[in-house]
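> Here you go, run.pdb (PDB, C-alpha atoms):
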```pdb
ATOM      1  CA  MET A   1       0.637  51.768  -9.788
ATOM      2  CA  LYS A   2       4.114  50.445  -9.180
ATOM      3  CA  ARG A   3       6.049  48.482 -11.763
ATOM      4  CA  PHE A   4       8.231  45.563 -10.748
ATOM      5  CA  THR A   5       9.949  42.797 -12.623
ATOM      6  CA  GLU A   6       9.588  39.125 -11.953
ATOM      7  CA  ARG A   7      11.873  36.741 -13.819
ATOM      8  CA  GLY A   8      12.650  39.448 -16.342
ATOM      9  CA  ARG A   9       8.979  40.180 -17.126
ATOM     10  CA  PRO A  10       7.398  43.450 -15.974
ATOM     11  CA  ILE A  11       4.470  43.141 -13.613
ATOM     12  CA  VAL A  12       2.105  45.906 -12.561
ATOM     13  CA  GLN A  13       1.020  46.232  -8.954
ATOM     14  CA  LYS A  14      -2.400  47.631  -8.072
ATOM     15  CA  ALA A  15      -3.117  49.221  -4.691
ATOM     16  CA  LEU A  16      -5.340  46.327  -3.690
ATOM     17  CA  MET A  17      -4.509  43.075  -5.360
ATOM     18  CA  LYS A  18      -5.048  39.405  -4.795
ATOM     19  CA  MET A  19      -2.027  37.746  -3.319
ATOM     20  CA  ASP A  20      -0.688  34.439  -4.491
ATOM     21  CA  LEU A  21      -0.075  31.673  -1.987
ATOM     22  CA  THR A  22       3.657  32.399  -1.782
ATOM     23  CA  VAL A  23       3.054  35.971  -0.677
ATOM     24  CA  TRP A  24       0.366  34.865   1.805
ATOM     25  CA  ALA A  25       2.762  32.278   3.230
ATOM     26  CA  VAL A  26       5.490  34.888   3.674
ATOM     27  CA  VAL A  27       2.982  37.336   5.243
ATOM     28  CA  LEU A  28       1.947  34.695   7.778
ATOM     29  CA  LEU A  29       5.542  33.616   8.461
ATOM     30  CA  CYS A  30       6.655  37.218   8.850
ATOM     31  CA  ALA A  31       3.803  37.969  11.261
ATOM     32  CA  ALA A  32       4.491  34.755  13.185
ATOM     33  CA  LEU A  33       8.147  35.682  13.498
ATOM     34  CA  PHE A  34       7.274  39.161  14.777
ATOM     35  CA  ILE A  35       4.785  37.647  17.250
ATOM     36  CA  LEU A  36       7.466  35.222  18.444
ATOM     37  CA  CYS A  37       9.896  38.107  18.896
ATOM     38  CA  ASP A  38       7.233  40.088  20.795
ATOM     39  CA  GLY A  39       6.631  37.134  23.101
ATOM     40  CA  LEU A  40      10.346  36.570  23.669
ATOM     41  CA  SER A  41      10.823  40.285  24.355
ATOM     42  CA  ALA A  42       8.039  40.143  26.931
ATOM     43  CA  HIS A  43       9.643  37.051  28.465
ATOM     44  CA  TRP A  44      12.992  38.857  28.622
ATOM     45  CA  GLY A  45      11.328  41.885  30.226
ATOM     46  CA  LYS A  46       9.591  39.784  32.870
ATOM     47  CA  THR A  47      12.409  37.334  33.652
ATOM     48  CA  GLY A  48      15.611  38.992  32.490
ATOM     49  CA  SER A  49      16.407  35.937  30.337
ATOM     50  CA  GLY A  50      19.430  36.752  28.199
ATOM     51  CA  ARG A  51      18.624  33.786  25.956
ATOM     52  CA  SER A  52      15.258  35.316  24.995
ATOM     53  CA  LEU A  53      16.921  38.616  24.157
ATOM     54  CA  ALA A  54      19.630  36.898  22.078
ATOM     55  CA  ILE A  55      17.023  34.976  20.069
ATOM     56  CA  VAL A  56      15.104  38.196  19.389
ATOM     57  CA  MET A  57      18.294  39.882  18.187
ATOM     58  CA  LEU A  58      18.976  36.991  15.800
ATOM     59  CA  LEU A  59      15.424  36.601  14.451
ATOM     60  CA  SER A  60      14.380  40.241  14.064
ATOM     61  CA  PRO A  61      16.461  40.903  10.924
ATOM     62  CA  VAL A  62      14.942  37.812   9.288
ATOM     63  CA  GLY A  63      11.468  39.232   9.909
ATOM     64  CA  TYR A  64      12.421  42.542   8.327
ATOM     65  CA  PHE A  65      13.876  40.785   5.276
ATOM     66  CA  MET A  66      10.564  38.953   4.909
ATOM     67  CA  PHE A  67       8.725  42.265   5.221
ATOM     68  CA  ALA A  68      10.936  43.707   2.468
ATOM     69  CA  PHE A  69      10.170  40.708   0.241
ATOM     70  CA  ILE A  70       6.433  41.182   0.745
ATOM     71  CA  ASN A  71       6.832  44.862  -0.090
ATOM     72  CA  THR A  72       8.260  43.899  -3.497
ATOM     73  CA  ARG A  73       4.917  42.233  -4.256
ATOM     74  CA  LEU A  74       2.478  44.629  -2.531
ATOM     75  CA  ASN A  75       2.538  48.319  -1.789
ATOM     76  CA  LEU A  76       3.690  49.476   1.652
ATOM     77  CA  ALA A  77       0.211  50.431   2.845
ATOM     78  CA  VAL A  78      -1.160  46.940   2.240
ATOM     79  CA  THR A  79       2.008  45.185   3.428
ATOM     80  CA  GLY A  80       2.147  47.145   6.667
ATOM     81  CA  ALA A  81      -1.556  46.786   7.336
ATOM     82  CA  LEU A  82      -1.574  43.032   6.720
ATOM     83  CA  VAL A  83       1.500  42.161   8.752
ATOM     84  CA  ASN A  84       0.826  44.558  11.621
ATOM     85  CA  THR A  85      -2.838  43.600  11.952
ATOM     86  CA  ILE A  86      -1.928  39.922  12.168
ATOM     87  CA  VAL A  87       0.829  40.763  14.671
ATOM     88  CA  VAL A  88      -1.583  42.693  16.908
ATOM     89  CA  ALA A  89      -4.187  39.917  16.856
ATOM     90  CA  GLY A  90      -1.510  37.272  17.437
ATOM     91  CA  ALA A  91       0.089  39.188  20.292
ATOM     92  CA  VAL A  92      -3.241  39.455  22.100
ATOM     93  CA  LEU A  93      -3.836  35.728  21.678
ATOM     94  CA  ILE A  94      -0.300  34.872  22.845
ATOM     95  CA  GLY A  95      -0.785  37.142  25.856
ATOM     96  CA  ALA A  96      -3.988  35.314  26.727
ATOM     97  CA  VAL A  97      -2.714  31.779  26.110
ATOM     98  CA  VAL A  98       0.945  31.918  27.146
ATOM     99  CA  PHE A  99       1.036  34.697  29.725
ATOM    100  CA  LYS A 100      -2.507  34.023  31.054
ATOM    101  CA  GLU A 101      -3.517  37.661  30.607
ATOM    102  CA  GLU A 102      -7.214  38.484  30.658
ATOM    103  CA  VAL A 103      -8.803  39.429  27.361
ATOM    104  CA  SER A 104     -12.228  41.046  27.394
ATOM    105  CA  LYS A 105     -15.077  40.283  25.023
ATOM    106  CA  ALA A 106     -14.537  43.679  23.414
ATOM    107  CA  GLN A 107     -10.877  42.796  22.787
ATOM    108  CA  TYR A 108     -11.859  39.476  21.188
ATOM    109  CA  LEU A 109     -14.319  41.416  19.020
ATOM    110  CA  GLY A 110     -11.432  43.711  18.063
ATOM    111  CA  ILE A 111      -9.372  40.694  16.996
ATOM    112  CA  ALA A 112     -12.258  39.425  14.867
ATOM    113  CA  LEU A 113     -12.648  42.849  13.244
ATOM    114  CA  ALA A 114      -8.899  43.035  12.622
ATOM    115  CA  LEU A 115      -8.959  39.670  10.872
ATOM    116  CA  ALA A 116     -11.949  40.843   8.819
ATOM    117  CA  ALA A 117      -9.875  43.895   7.867
ATOM    118  CA  VAL A 118      -7.052  41.637   6.673
ATOM    119  CA  THR A 119      -9.537  39.840   4.454
ATOM    120  CA  LEU A 120     -10.882  43.106   3.039
ATOM    121  CA  LEU A 121      -7.367  44.348   2.314
ATOM    122  CA  ASN A 122      -6.941  41.390  -0.016
ATOM    123  CA  VAL A 123     -10.035  42.158  -2.098
ATOM    124  CA  ASP A 124      -9.596  43.515  -5.623
TER     125      ASP A 124
END
```
Can the structure from this file be put into structure tokens for me?

Amino acid sequence: MKRFTERGRPIVQKALMKMDLTVWAVVLLCAALFILCDGLSAHWGKTGSGRSLAIVMLLSPVGYFMFAFINTRLNLAVTGALVNTIVVAGAVLIGAVVFKEEVSKAQYLGIALALAAVTLLNVD
């Protein structure tokens, strides 16, 4: 177990712990920011848009600061699994919706299983 302090009081972190709404909000915002950066990177790669690349370079550090904040509340294994699983599922959906890429039924099943995994990672 890790020990952290919050407002001067020690808190103990368990490997799997329930997250409060603030942490969940930052997890979702962090994942959304990484998905946005992935989409802009893909746009830059396909079109050569310097604007997309510049936005990615400005937003990426913000995403990593959010990731660091989450890691002060959860251990790295849970933080990485939560954020990266949401990013993978989101990237597939953005690819299908924005870039009109084909997604198979098996891939949609994979997204559903990934989201189930995110739920299980939050169980005590």
> Just the residues within 10 Å of segment 31-45 of chain A, please, counting only C-alpha atoms, with nothing from its chain fewer than 4 positions along; format it as a ChimeraX atom specification.
/A:25-27,49-60,62-64,66-67,82-95,98-99
> Rank A:Ala106, A:Val23, A:Val123, A:Ala96 by their smallest atom-to-atom distance to Asn71 of chain A, using all atoms listed in the file, and report the top residue only.
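Counting all atoms listed in the file, the residue closest to Asn71 of chain A is A:Val23.
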> Taking all atoms listed in the file into account, name the residue in A:Leu21, A:Leu29, A:Val118, A:Leu113 that is nearest to Phe65 of chain A.
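Ranked by minimum distance to Phe65 of chain A, first place goes to A:Leu29.
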> Rounded to one decimal, what separation in Å do you get between atom CA of Leu28 of chain A and atom CA of Ile70 of chain A?
10.6 Å
> One number please: atom CA of Ala117 of chain A to atom CA of Ala77 of chain A, in Å, one decimal.
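Atom-to-atom, atom CA of Ala117 of chain A and atom CA of Ala77 of chain A are spaced 13.0 Å apart.
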> Rounded to one decimal, what separation in Å do you get between atom CA of Leu121 of chain A and atom CA of Pro61 of chain A?
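Answer for the atom CA of Leu121 of chain A to atom CA of Pro61 of chain A separation: 25.6 Å.
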> Provide an axis-aligned box for all listed atoms of segment 64-68 of chain A, padding each side by 3 Å; report its centre and its edge lengths in Å to one decimal, as AutoDock Vina command-line options.

```
--center_x 11.3 --center_y 41.3 --center_z 5.4 --size_x 11.2 --size_y 10.8 --size_z 11.9
```
> Taking all atoms listed in the file into account, name the residue in A:Ala116, A:Gly48, A:Asn122, A:Ala68 that is nearest to Asp20 of chain A.
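Of A:Ala116, A:Gly48, A:Asn122, A:Ala68, the one nearest Asp20 of chain A, counting all atoms listed in the file, is A:Asn122.
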> Counting all atoms listed in the file, figure out which residue out of A:Thr47, A:Ser104, A:Thr79, A:Thr119 gets nearest to Cys30 of chain A.
A:Thr79
